[in-house]
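Engineer: If it helps, the file is called coords19.pdb and holds PDB, C-alpha atoms:
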ATOM      1  CA  MET A   1      -1.811  16.914  -1.565
ATOM      2  CA  PRO A   2      -0.435  15.310   1.607
ATOM      3  CA  LEU A   3      -0.297  11.540   1.770
ATOM      4  CA  VAL A   4      -3.675   9.883   2.328
ATOM      5  CA  SER A   5      -4.445   6.907   4.556
ATOM      6  CA  LEU A   6      -5.152   3.775   2.595
ATOM      7  CA  ILE A   7      -8.032   3.166   5.018
ATOM      8  CA  ASP A   8      -9.809   6.160   3.492
ATOM      9  CA  MET A   9      -8.896   5.156  -0.075
ATOM     10  CA  TYR A  10     -10.224   1.630   0.397
ATOM     11  CA  LYS A  11     -13.765   2.684   1.332
ATOM     12  CA  PRO A  12     -14.895   3.930  -2.109
ATOM     13  CA  ALA A  13     -12.919   1.207  -3.895
ATOM     14  CA  ASN A  14     -14.733  -1.478  -1.928
ATOM     15  CA  GLU A  15     -18.126   0.162  -2.371
ATOM     16  CA  LYS A  16     -17.746   0.894  -6.101
ATOM     17  CA  HIS A  17     -15.890  -2.289  -7.047
ATOM     18  CA  TYR A  18     -12.601  -1.064  -8.462
ATOM     19  CA  ALA A  19      -9.006  -1.754  -7.541
ATOM     20  CA  ILE A  20      -6.262   0.690  -6.618
ATOM     21  CA  GLY A  21      -2.924   0.071  -8.239
ATOM     22  CA  HIS A  22       0.045  -0.613  -5.971
ATOM     23  CA  PHE A  23       3.268   0.188  -7.814
ATOM     24  CA  ASN A  24       6.642  -0.625  -6.325
ATOM     25  CA  ILE A  25       9.210   2.152  -6.385
ATOM     26  CA  ASN A  26      12.994   1.930  -6.207
ATOM     27  CA  ASN A  27      14.201   5.316  -7.395
ATOM     28  CA  MET A  28      13.177   8.848  -8.335
ATOM     29  CA  GLU A  29      12.125   7.973 -11.876
ATOM     30  CA  PHE A  30       9.648   5.324 -10.707
ATOM     31  CA  VAL A  31       8.114   7.818  -8.281
ATOM     32  CA  GLN A  32       7.762  10.405 -11.038
ATOM     33  CA  SER A  33       6.285   7.896 -13.480
ATOM     34  CA  ALA A  34       3.634   6.731 -11.035
ATOM     35  CA  LEU A  35       2.561  10.146  -9.796
ATOM     36  CA  GLU A  36       2.354  11.666 -13.277
ATOM     37  CA  ALA A  37       0.289   8.726 -14.519
ATOM     38  CA  ALA A  38      -2.152   8.937 -11.606
ATOM     39  CA  ASP A  39      -2.492  12.700 -11.861
ATOM     40  CA  GLU A  40      -3.226  12.630 -15.580
ATOM     41  CA  LEU A  41      -5.839   9.900 -15.177
ATOM     42  CA  LYS A  42      -7.294  11.312 -11.940
ATOM     43  CA  SER A  43      -6.747   8.073 -10.116
ATOM     44  CA  PRO A  44      -5.845   7.281  -6.519
ATOM     45  CA  ILE A  45      -2.526   5.454  -6.345
ATOM     46  CA  ILE A  46      -0.372   3.466  -3.938
ATOM     47  CA  LEU A  47       3.395   3.867  -4.029
ATOM     48  CA  ALA A  48       4.946   0.863  -2.333
ATOM     49  CA  ALA A  49       8.421   0.358  -0.959
ATOM     50  CA  SER A  50       9.827  -2.963   0.164
ATOM     51  CA  THR A  51      12.436  -3.167   2.898
ATOM     52  CA  SER A  52      15.066  -3.874   0.239
ATOM     53  CA  ALA A  53      13.989  -0.831  -1.787
ATOM     54  CA  LEU A  54      14.199   1.351   1.317
ATOM     55  CA  LYS A  55      17.687   0.029   1.946
ATOM     56  CA  TYR A  56      18.772   0.628  -1.639
ATOM     57  CA  GLY A  57      17.228   4.080  -2.060
ATOM     58  CA  GLY A  58      17.865   5.203   1.490
ATOM     59  CA  PHE A  59      15.002   5.223   3.975
ATOM     60  CA  ASP A  60      14.666   9.004   4.308
ATOM     61  CA  TYR A  61      15.517   9.711   0.677
ATOM     62  CA  LEU A  62      12.774   7.487  -0.728
ATOM     63  CA  ILE A  63      10.142   8.646   1.745
ATOM     64  CA  ASP A  64      10.904  12.300   1.090
ATOM     65  CA  LEU A  65      10.729  11.728  -2.665
ATOM     66  CA  VAL A  66       7.210  10.348  -2.292
ATOM     67  CA  LYS A  67       6.059  13.054   0.121
ATOM     68  CA  THR A  68       7.435  15.799  -2.131
ATOM     69  CA  GLY A  69       5.885  14.287  -5.218
ATOM     70  CA  ALA A  70       2.510  13.770  -3.565
ATOM     71  CA  LYS A  71       2.312  17.478  -2.751
ATOM     72  CA  LYS A  72       2.608  18.291  -6.450
ATOM     73  CA  VAL A  73      -0.380  16.235  -7.592
ATOM     74  CA  SER A  74      -4.102  16.571  -6.967
ATOM     75  CA  VAL A  75      -4.925  12.895  -6.459
ATOM     76  CA  PRO A  76      -4.849  10.727  -3.297
ATOM     77  CA  VAL A  77      -1.462   9.065  -2.791
ATOM     78  CA  ALA A  78      -0.722   6.390  -0.194
ATOM     79  CA  LEU A  79       2.769   5.316   0.844
ATOM     80  CA  HIS A  80       2.789   1.601   1.646
ATOM     81  CA  LEU A  81       5.331  -0.755   3.195
ATOM     82  CA  ASP A  82       5.388  -3.885   1.048
ATOM     83  CA  HIS A  83       6.115  -7.202   2.771
ATOM     84  CA  GLY A  84       7.320  -5.875   6.088
ATOM     85  CA  ALA A  85       9.142  -8.808   7.611
ATOM     86  CA  THR A  86       9.026  -7.832  11.280
ATOM     87  CA  ILE A  87       7.031  -5.802  13.752
ATOM     88  CA  GLU A  88      10.046  -3.485  13.935
ATOM     89  CA  ASP A  89       9.901  -2.878  10.166
ATOM     90  CA  ALA A  90       6.266  -1.884  10.431
ATOM     91  CA  GLU A  91       6.823   0.311  13.475
ATOM     92  CA  LYS A  92       9.657   2.215  11.797
ATOM     93  CA  CYS A  93       7.474   2.969   8.766
ATOM     94  CA  ILE A  94       4.452   3.902  10.893
ATOM     95  CA  ASN A  95       6.583   6.438  12.756
ATOM     96  CA  ALA A  96       8.064   7.760   9.505
ATOM     97  CA  GLY A  97       4.716   8.733   7.976
ATOM     98  CA  PHE A  98       3.697   5.743   5.876
ATOM     99  CA  THR A  99      -0.078   5.610   5.456
ATOM    100  CA  SER A 100      -0.255   1.842   5.085
ATOM    101  CA  VAL A 101       1.941  -1.064   6.140
ATOM    102  CA  MET A 102       1.963  -4.711   5.276
ATOM    103  CA  ILE A 103       3.141  -7.171   7.879
ATOM    104  CA  ASP A 104       3.894 -10.479   6.202
ATOM    105  CA  ALA A 105       3.943 -13.286   8.748
ATOM    106  CA  SER A 106       2.405 -15.781   6.328
ATOM    107  CA  HIS A 107       5.430 -18.058   6.754
ATOM    108  CA  GLU A 108       4.578 -18.444  10.452
ATOM    109  CA  ASP A 109       1.930 -20.809  11.776
ATOM    110  CA  PHE A 110      -1.626 -19.488  11.830
ATOM    111  CA  GLU A 111      -1.752 -18.411  15.479
ATOM    112  CA  GLU A 112       1.628 -16.668  15.304
ATOM    113  CA  ASN A 113       0.570 -14.848  12.143
ATOM    114  CA  ILE A 114      -2.469 -13.581  14.063
ATOM    115  CA  ARG A 115      -0.377 -12.487  17.053
ATOM    116  CA  ILE A 116       2.173 -10.584  14.987
ATOM    117  CA  THR A 117      -0.523  -8.915  12.903
ATOM    118  CA  GLN A 118      -2.449  -7.874  16.022
ATOM    119  CA  GLU A 119       0.653  -6.108  17.342
ATOM    120  CA  VAL A 120       1.014  -4.070  14.166
ATOM    121  CA  VAL A 121      -2.694  -3.200  14.081
ATOM    122  CA  LYS A 122      -2.433  -1.893  17.655
ATOM    123  CA  MET A 123       0.319   0.502  16.581
ATOM    124  CA  ALA A 124      -1.196   1.560  13.263
ATOM    125  CA  HIS A 125      -4.909   2.098  13.878
ATOM    126  CA  PRO A 126      -4.588   4.909  16.460
ATOM    127  CA  LYS A 127      -2.800   6.854  13.693
ATOM    128  CA  ASN A 128      -5.388   5.931  11.023
ATOM    129  CA  ILE A 129      -2.784   3.862   9.171
ATOM    130  CA  ALA A 130      -3.965   0.833   7.208
ATOM    131  CA  VAL A 131      -2.616  -2.648   7.872
ATOM    132  CA  GLU A 132      -2.405  -5.412   5.288
ATOM    133  CA  ALA A 133      -1.557  -9.008   6.126
ATOM    134  CA  GLU A 134      -1.144 -12.170   4.102
ATOM    135  CA  LEU A 135      -2.733 -15.562   4.568
ATOM    136  CA  GLY A 136      -1.798 -18.587   2.475
ATOM    137  CA  ARG A 137       1.243 -19.443   0.406
ATOM    138  CA  LEU A 138       1.879 -17.474  -2.762
ATOM    139  CA  GLY A 139       2.886 -19.791  -5.598
ATOM    140  CA  GLY A 140       1.855 -20.244  -9.213
ATOM    141  CA  ILE A 141      -0.739 -22.891 -10.032
ATOM    142  CA  GLU A 142       0.725 -25.514 -12.343
ATOM    143  CA  ASP A 143      -1.312 -27.724 -14.647
ATOM    144  CA  ASP A 144       0.146 -30.982 -13.321
ATOM    145  CA  VAL A 145      -0.333 -30.263  -9.612
ATOM    146  CA  SER A 146      -3.085 -32.311  -7.939
ATOM    147  CA  VAL A 147      -6.207 -30.518  -6.740
ATOM    148  CA  SER A 148      -5.460 -31.300  -3.096
ATOM    149  CA  LYS A 149      -1.910 -29.962  -3.273
ATOM    150  CA  ARG A 150      -3.072 -26.909  -5.196
ATOM    151  CA  ASP A 151      -5.780 -26.112  -2.650
ATOM    152  CA  ALA A 152      -3.286 -26.475   0.201
ATOM    153  CA  CYS A 153      -1.382 -23.480  -1.147
ATOM    154  CA  LEU A 154      -4.457 -21.271  -1.384
ATOM    155  CA  THR A 155      -5.966 -19.099   1.333
ATOM    156  CA  ASP A 156      -8.466 -21.069   3.392
ATOM    157  CA  PRO A 157     -11.811 -19.206   3.660
ATOM    158  CA  ASP A 158     -12.501 -20.441   7.203
ATOM    159  CA  GLN A 159      -9.092 -19.265   8.357
ATOM    160  CA  ALA A 160      -9.619 -15.957   6.559
ATOM    161  CA  VAL A 161     -12.782 -15.284   8.575
ATOM    162  CA  GLU A 162     -11.080 -16.072  11.876
ATOM    163  CA  PHE A 163      -7.967 -14.110  10.924
ATOM    164  CA  VAL A 164      -9.874 -10.953   9.992
ATOM    165  CA  GLU A 165     -12.086 -11.119  13.079
ATOM    166  CA  LYS A 166      -9.146 -11.516  15.448
ATOM    167  CA  THR A 167      -6.685  -9.075  13.852
ATOM    168  CA  LYS A 168      -9.005  -6.339  12.525
ATOM    169  CA  VAL A 169      -6.781  -5.891   9.474
ATOM    170  CA  ASP A 170      -7.913  -3.451   6.803
ATOM    171  CA  ALA A 171      -6.914  -5.606   3.827
ATOM    172  CA  LEU A 172      -6.000  -9.237   3.270
ATOM    173  CA  ALA A 173      -3.543 -10.499   0.671
ATOM    174  CA  VAL A 174      -4.891 -13.830  -0.546
ATOM    175  CA  ALA A 175      -3.078 -16.693  -2.208
ATOM    176  CA  VAL A 176      -5.143 -17.559  -5.284
ATOM    177  CA  GLY A 177      -2.546 -18.926  -7.679
ATOM    178  CA  THR A 178      -0.241 -16.034  -8.570
ATOM    179  CA  SER A 179       3.425 -15.759  -7.615
ATOM    180  CA  HIS A 180       6.098 -13.097  -7.454
ATOM    181  CA  GLY A 181       8.504 -12.516 -10.330
ATOM    182  CA  ALA A 182       8.308 -13.043 -14.077
ATOM    183  CA  TYR A 183       7.512 -16.781 -14.004
ATOM    184  CA  LYS A 184       4.033 -17.044 -12.503
ATOM    185  CA  PHE A 185       2.661 -19.974 -14.477
ATOM    186  CA  LYS A 186       4.346 -22.905 -16.220
ATOM    187  CA  GLY A 187       1.243 -23.794 -18.167
ATOM    188  CA  GLU A 188      -2.019 -21.974 -18.778
ATOM    189  CA  ALA A 189      -2.456 -18.894 -16.573
ATOM    190  CA  LYS A 190      -5.006 -19.769 -13.890
ATOM    191  CA  LEU A 191      -6.390 -17.911 -10.896
ATOM    192  CA  ALA A 192      -8.701 -19.457  -8.311
ATOM    193  CA  PHE A 193     -11.565 -17.017  -8.896
ATOM    194  CA  ASN A 194     -13.996 -19.113  -6.857
ATOM    195  CA  ARG A 195     -11.677 -18.728  -3.887
ATOM    196  CA  ILE A 196     -11.613 -14.935  -4.264
ATOM    197  CA  GLU A 197     -15.410 -14.843  -4.430
ATOM    198  CA  GLU A 198     -15.929 -17.045  -1.379
ATOM    199  CA  ILE A 199     -13.430 -15.186   0.795
ATOM    200  CA  LYS A 200     -14.821 -11.797  -0.181
ATOM    201  CA  LYS A 201     -18.380 -12.830   0.656
ATOM    202  CA  ARG A 202     -17.289 -14.016   4.061
ATOM    203  CA  VAL A 203     -14.896 -11.279   5.181
ATOM    204  CA  GLY A 204     -16.122  -8.222   3.269
ATOM    205  CA  ILE A 205     -12.866  -6.276   3.563
ATOM    206  CA  PRO A 206     -10.621  -5.265   0.635
ATOM    207  CA  LEU A 207      -8.677  -8.188  -0.805
ATOM    208  CA  VAL A 208      -5.220  -7.820  -2.334
ATOM    209  CA  LEU A 209      -3.739  -9.607  -5.344
ATOM    210  CA  HIS A 210       0.008 -10.059  -5.032
ATOM    211  CA  GLY A 211       2.263 -11.287  -7.835
ATOM    212  CA  ALA A 212      -0.105  -9.715 -10.330
ATOM    213  CA  SER A 213       2.133  -8.385 -13.102
ATOM    214  CA  GLY A 214       1.046  -9.216 -16.629
ATOM    215  CA  VAL A 215       4.537  -9.879 -18.039
ATOM    216  CA  ASP A 216       3.725  -8.493 -21.497
ATOM    217  CA  PRO A 217       5.189 -10.833 -24.164
ATOM    218  CA  ALA A 218       6.098  -7.827 -26.338
ATOM    219  CA  VAL A 219       8.152  -6.297 -23.514
ATOM    220  CA  VAL A 220       9.857  -9.618 -22.824
ATOM    221  CA  ALA A 221      10.645  -9.975 -26.543
ATOM    222  CA  LYS A 222      12.151  -6.480 -26.673
ATOM    223  CA  ALA A 223      14.270  -7.118 -23.601
ATOM    224  CA  GLU A 224      15.516 -10.387 -25.073
ATOM    225  CA  LYS A 225      16.202  -8.742 -28.427
ATOM    226  CA  PHE A 226      18.698  -6.509 -26.675
ATOM    227  CA  GLY A 227      20.370  -9.167 -24.581
ATOM    228  CA  ALA A 228      18.092 -10.168 -21.690
ATOM    229  CA  LYS A 229      17.476 -13.827 -20.887
ATOM    230  CA  LEU A 230      13.853 -14.398 -19.829
ATOM    231  CA  PRO A 231      12.761 -17.773 -21.234
ATOM    232  CA  GLY A 232       9.278 -18.855 -20.225
ATOM    233  CA  ALA A 233       8.297 -15.605 -18.518
ATOM    234  CA  LYS A 234       4.520 -15.479 -18.126
ATOM    235  CA  GLY A 235       2.113 -13.371 -16.072
ATOM    236  CA  VAL A 236      -1.521 -12.528 -15.340
ATOM    237  CA  PRO A 237      -3.637 -11.848 -18.471
ATOM    238  CA  ASP A 238      -5.586  -8.603 -18.729
ATOM    239  CA  GLU A 239      -8.975 -10.308 -18.674
ATOM    240  CA  ALA A 240      -8.154 -11.865 -15.301
ATOM    241  CA  TYR A 241      -7.885  -8.440 -13.659
ATOM    242  CA  LYS A 242     -11.462  -7.534 -14.541
ATOM    243  CA  LYS A 243     -12.875 -10.784 -13.179
ATOM    244  CA  ALA A 244     -10.791 -10.605  -9.997
ATOM    245  CA  ILE A 245     -11.977  -7.045  -9.354
ATOM    246  CA  GLU A 246     -15.609  -8.019  -9.926
ATOM    247  CA  LEU A 247     -15.224 -10.740  -7.305
ATOM    248  CA  GLY A 248     -13.668  -8.544  -4.625
ATOM    249  CA  ILE A 249     -10.050  -7.569  -5.294
ATOM    250  CA  ASN A 250      -9.470  -3.898  -4.344
ATOM    251  CA  LYS A 251      -5.673  -3.632  -4.485
ATOM    252  CA  ILE A 252      -3.411  -5.063  -7.179
ATOM    253  CA  ASN A 253       0.362  -5.163  -6.783
ATOM    254  CA  ILE A 254       2.567  -4.432  -9.781
ATOM    255  CA  ASP A 255       6.350  -4.640  -9.656
ATOM    256  CA  THR A 256       7.747  -7.041 -12.274
ATOM    257  CA  ASP A 257       6.012  -5.254 -15.163
ATOM    258  CA  LEU A 258       7.751  -2.026 -14.222
ATOM    259  CA  ARG A 259      11.147  -3.708 -13.929
ATOM    260  CA  LEU A 260      10.795  -5.512 -17.253
ATOM    261  CA  THR A 261       9.727  -2.354 -19.058
ATOM    262  CA  TRP A 262      12.560  -0.431 -17.438
ATOM    263  CA  VAL A 263      15.278  -2.892 -18.391
ATOM    264  CA  ALA A 264      13.922  -3.426 -21.929
ATOM    265  CA  THR A 265      13.928   0.321 -22.599
ATOM    266  CA  VAL A 266      17.369   0.935 -21.079
ATOM    267  CA  ARG A 267      18.832  -1.956 -23.089
ATOM    268  CA  GLU A 268      17.246  -0.614 -26.270
ATOM    269  CA  VAL A 269      18.579   2.910 -25.691
ATOM    270  CA  LEU A 270      22.105   1.687 -24.944
ATOM    271  CA  ALA A 271      22.141  -0.661 -27.932
ATOM    272  CA  GLY A 272      20.942   2.044 -30.310
ATOM    273  CA  ASN A 273      23.117   4.822 -28.927
ATOM    274  CA  PRO A 274      26.527   3.368 -28.021
ATOM    275  CA  LYS A 275      28.044   6.825 -27.593
ATOM    276  CA  VAL A 276      25.485   8.087 -25.067
ATOM    277  CA  PHE A 277      26.700   8.495 -21.500
ATOM    278  CA  ASP A 278      24.249  11.106 -20.190
ATOM    279  CA  PRO A 279      22.109   9.243 -17.613
ATOM    280  CA  ARG A 280      19.164  11.520 -18.376
ATOM    281  CA  LYS A 281      19.110  10.311 -21.976
ATOM    282  CA  ILE A 282      19.200   6.716 -20.776
ATOM    283  CA  LEU A 283      16.785   6.910 -17.861
ATOM    284  CA  GLY A 284      14.382   9.469 -19.361
ATOM    285  CA  PRO A 285      12.958   7.113 -22.016
ATOM    286  CA  ALA A 286      12.667   4.352 -19.409
ATOM    287  CA  ARG A 287      10.750   6.679 -17.117
ATOM    288  CA  GLU A 288       8.258   7.448 -19.905
ATOM    289  CA  ALA A 289       7.874   3.767 -20.759
ATOM    290  CA  VAL A 290       7.160   2.881 -17.129
ATOM    291  CA  LYS A 291       4.627   5.704 -16.945
ATOM    292  CA  ALA A 292       2.796   4.271 -19.974
ATOM    293  CA  VAL A 293       2.617   0.855 -18.302
ATOM    294  CA  ILE A 294       1.202   2.376 -15.114
ATOM    295  CA  MET A 295      -1.415   4.328 -17.063
ATOM    296  CA  ASN A 296      -2.523   1.136 -18.769
ATOM    297  CA  LYS A 297      -2.800  -0.694 -15.448
ATOM    298  CA  ILE A 298      -4.814   2.127 -13.891
ATOM    299  CA  LYS A 299      -7.330   1.829 -16.706
ATOM    300  CA  LEU A 300      -7.473  -1.947 -16.371
ATOM    301  CA  PHE A 301      -8.054  -1.622 -12.643
ATOM    302  CA  GLN A 302     -10.903   0.850 -13.316
ATOM    303  CA  SER A 303      -9.580   3.469 -10.888
ATOM    304  CA  ASP A 304      -9.203   6.204 -13.516
ATOM    305  CA  GLY A 305     -11.490   9.143 -12.794
ATOM    306  CA  LYS A 306     -12.055   7.951  -9.206
ATOM    307  CA  ALA A 307      -9.844  10.554  -7.484
TER     308      ALA A 307
END
Take the structure I supplied and represent it as structure tokens, if you would.

Structural biologist:
Amino acid sequence: MPLVSLIDMYKPANEKHYAIGHFNINNMEFVQSALEAADELKSPIILAASTSALKYGGFDYLIDLVKTGAKKVSVPVALHLDHGATIEDAEKCINAGFTSVMIDASHEDFEENIRITQEVVKMAHPKNIAVEAELGRLGGIEDDVSVSKRDACLTDPDQAVEFVEKTKVDALAVAVGTSHGAYKFKGEAKLAFNRIEEIKKRVGIPLVLHGASGVDPAVVAKAEKFGAKLPGAKGVPDEAYKKAIELGINKINIDTDLRLTWVATVREVLAGNPKVFDPRKILGPAREAVKAVIMNKIKLFQSDGKA
């Protein structure tokens, strides 16, 4: 089916308390993996492209891959700009047919973040395109960090209320202790669940969990067995997803898990088949492994059967 606005996909997710998986794509195989997984599990899905992925894959190439693939499946598919850095980034994607854009001005002061986000909302909403913004500083919670310093990195509930009221965003990415990459926690994995609950009660809109990959120890071990160096990699445990969703998370971003699975599988294939040089025999197994990861996440996020 044609691409679907994330605004329309959020409504049932928010009402029925499940999360839609956001999976970052960089190439054709990732697109295929995600769409096949969603179609088989009858789940809505978000394919997300960062500005760097669009540069690598080619802006038109990557968009056309997603649009072509979406037409071949029977589930709702949204195309989302991940971490758009400027108003111009968002505008380009809005005009190109994206059905959701994130404008990330979280590094700016509060008022400037509001102003920039308002500009994007003005462009997106007349076209029924969703807008996501971020408030707070994404960074893993460490055991030895003082409570005051830890709280300073998290999304402030009072600011969240003001931000949502003034910008009219459709979804808010909240800083609750996760971080991007494979090294989210130095000690015990912790999320500020009370912060998720309080913000959700006060703003009501879909909340987004960034930096949410699980970093499966078995995948890390396989990658390291075949030459990768990933000491101390640690992610979000499965049980944390369920609690976060219960408290108000409706979109969960997954990127690192896909990359780790991809590189572990490619390394394994190359190590076990030194004579292989057909890219299909190298990338095919990786595509299937990534698909399996996405299917598992969809089930964890409770969006299977919701299409």

Engineer: Measuring atom to atom with all atoms listed in the file, identify which of A:Val101, A:Ile254, A:Val131, A:Ile25 is nearest to Ile294 in chain A.

Structural biologist: A:Ile254

Engineer: Find the residue from A:Asn26, A:Ala37, A:Lys200, A:Gly181 that sits nearest to Lys55 in chain A; use only C-alpha atoms when measuring.

Structural biologist: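 When distances to Lys55 in chain A are compared using only C-alpha atoms, the smallest one comes from A:Asn26.
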
Engineer: Choose the residue, out of A:Leu65, A:Glu162, A:Leu154, A:Pro126, that has the smallest atom-to-atom separation from Asn113 in chain A; count all atoms listed in the file.

Structural biologist: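 That would be A:Glu162, the residue with the smallest distance to Asn113 in chain A.
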
Engineer: With only C-alpha atoms as the atoms that count, which of A:Leu230, A:Ile282, A:Leu209, A:Ala34 lies nearest to Val73 in chain A?

Structural biologist: A:Ala34

Engineer: Convert the output of the PyMOL selection byres ((chain A and resi 173) around 9) on the shown file into explicit residues, formatted as a ChimeraX atom specification.

Structural biologist: /A:132-136,155,171-172,174-175,206-210,251

Engineer: In Å, with one decimal, what is the gap from CA of Thr178 in chain A to CA of Lys190 in chain A?

Structural biologist: 8.1 Å

Engineer: Please identify all polymer residues within 10 Å of Asn194 in chain A, counting only C-alpha atoms, omitting same-chain residues fewer than 3 positions from it, and present them as an MDAnalysis selection string.

Structural biologist: chainID A and resid 176 191 197:200 244 247

Engineer: Mind writing the picked residues with C-alpha atoms as a CSV table (one decimal), in the coordinates of the input?

Structural biologist:
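New file result21.csv:
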chain,number,residue,atom,x,y,z
A,176,VAL,CA,-5.1,-17.6,-5.3
A,191,LEU,CA,-6.4,-17.9,-10.9
A,197,GLU,CA,-15.4,-14.8,-4.4
A,198,GLU,CA,-15.9,-17.0,-1.4
A,199,ILE,CA,-13.4,-15.2,0.8
A,200,LYS,CA,-14.8,-11.8,-0.2
A,244,ALA,CA,-10.8,-10.6,-10.0
A,247,LEU,CA,-15.2,-10.7,-7.3

Engineer: Record the distance separating CA of Phe59 in chain A and CA of Ile103 in chain A, expressed in Å with one decimal.

Structural biologist: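 CA of Phe59 in chain A sits 17.6 Å away from CA of Ile103 in chain A.
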
Engineer: Applying 8 Å and only C-alpha atoms, which residues near range 1-14 of chain A remain after dropping the ones on its own chain fewer than 4 positions away? List them as a PyMOL selection string.

Structural biologist: chain A and resi 18-20+44+67+70-79+99-100+128-130+170+205-206+248+250

Engineer: Which residue gives the smallest distance to Ala49 in chain A among A:Gly177, A:Phe163, A:Asp255, A:Ala223, with all atoms listed in the file counted?

Structural biologist: A:Asp255

Engineer: Rounded to one decimal place, report the CA of Thr51 in chain A-CA of Ala96 in chain A distance in Å.

Structural biologist: 13.5 Å

Engineer: With only C-alpha atoms as the counted atoms, please give the residues lying no more than 10 Å from Asn95 in chain A, apart from itself and same-chain residues fewer than 5 positions off, as a ChimeraX atom specification.

Structural biologist: /A:90,123-124,127

Engineer: May I ask which of the residues A:Asp64, A:Asp304, A:Asp109, A:Glu246 is the closest one to Glu15 in chain A, counting all atoms listed in the file?

Structural biologist: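 Checking each of A:Asp64, A:Asp304, A:Asp109, A:Glu246 against Glu15 in chain A, counting all atoms listed in the file, the winner is A:Glu246.
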
Engineer: Residue by residue, what does the PyMOL selection byres ((chain A and resi 265-267) around 9) grab here? Present the result as a list in words.

Structural biologist: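 Taken over the shown coordinates, the PyMOL selection byres ((chain A and resi 265-267) around 9) returns Val219, Lys222, Ala223, Phe226, Gly227, Ala228, Leu260, Thr261, Trp262, Val263, Ala264, Glu268, Val269, Leu270, Ala271, Gly272, Ile282, Leu283, Pro285, Ala286, Arg287 and Ala289 of chain A.
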
Engineer: Could you tell me, as a CSV table (one decimal) with C-alpha atoms, in the frame of the given file, exactly which residues end up selected when the PyMOL selection byres ((chain A and resi 237) around 10) is applied to this structure?

Structural biologist:
chain,number,residue,atom,x,y,z
A,189,ALA,CA,-2.5,-18.9,-16.6
A,190,LYS,CA,-5.0,-19.8,-13.9
A,212,ALA,CA,-0.1,-9.7,-10.3
A,213,SER,CA,2.1,-8.4,-13.1
A,214,GLY,CA,1.0,-9.2,-16.6
A,215,VAL,CA,4.5,-9.9,-18.0
A,216,ASP,CA,3.7,-8.5,-21.5
A,234,LYS,CA,4.5,-15.5,-18.1
A,235,GLY,CA,2.1,-13.4,-16.1
A,236,VAL,CA,-1.5,-12.5,-15.3
A,238,ASP,CA,-5.6,-8.6,-18.7
A,239,GLU,CA,-9.0,-10.3,-18.7
A,240,ALA,CA,-8.2,-11.9,-15.3
A,241,TYR,CA,-7.9,-8.4,-13.7
A,242,LYS,CA,-11.5,-7.5,-14.5

Engineer: Quick test: take range 94-106 of chain A, keep N, CA and C atoms, and write it as a tab-separated table (two decimals), in the first residue's frame.

Structural biologist:
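What landed in out16.tsv:
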chain	number	residue	atom	x	y	z
A	94	ILE	N	9.86	16.52	3.62
A	94	ILE	CA	8.42	16.75	3.51
A	94	ILE	C	8.01	16.82	2.04
A	95	ASN	N	8.78	17.54	1.26
A	95	ASN	CA	8.47	17.71	-0.17
A	95	ASN	C	8.72	16.44	-0.98
A	96	ALA	N	9.54	15.54	-0.44
A	96	ALA	CA	9.89	14.31	-1.16
A	96	ALA	C	8.93	13.16	-0.87
A	97	GLY	N	7.99	13.35	0.07
A	97	GLY	CA	7.01	12.30	0.32
A	97	GLY	C	7.18	11.54	1.62
A	98	PHE	N	8.08	11.99	2.49
A	98	PHE	CA	8.17	11.37	3.81
A	98	PHE	C	6.83	11.58	4.53
A	99	THR	N	6.47	10.63	5.39
A	99	THR	CA	5.20	10.76	6.11
A	99	THR	C	5.40	11.11	7.57
A	100	SER	N	6.66	11.33	7.94
A	100	SER	CA	7.00	11.78	9.28
A	100	SER	C	8.41	12.36	9.24
A	101	VAL	N	8.64	13.41	10.00
A	101	VAL	CA	9.98	13.97	10.09
A	101	VAL	C	10.30	14.29	11.54
A	102	MET	N	11.55	14.06	11.89
A	102	MET	CA	12.01	14.50	13.20
A	102	MET	C	12.91	15.71	13.00
A	103	ILE	N	12.64	16.75	13.75
A	103	ILE	CA	13.54	17.89	13.80
A	103	ILE	C	14.20	17.86	15.17
A	104	ASP	N	15.50	17.71	15.19
A	104	ASP	CA	16.22	17.59	16.45
A	104	ASP	C	16.98	18.88	16.74
A	105	ALA	N	16.34	19.75	17.51
A	105	ALA	CA	16.99	20.99	17.96
A	105	ALA	C	17.23	20.93	19.46
A	106	SER	N	17.39	19.71	19.98
A	106	SER	CA	17.55	19.54	21.43
A	106	SER	C	18.85	20.14	21.95
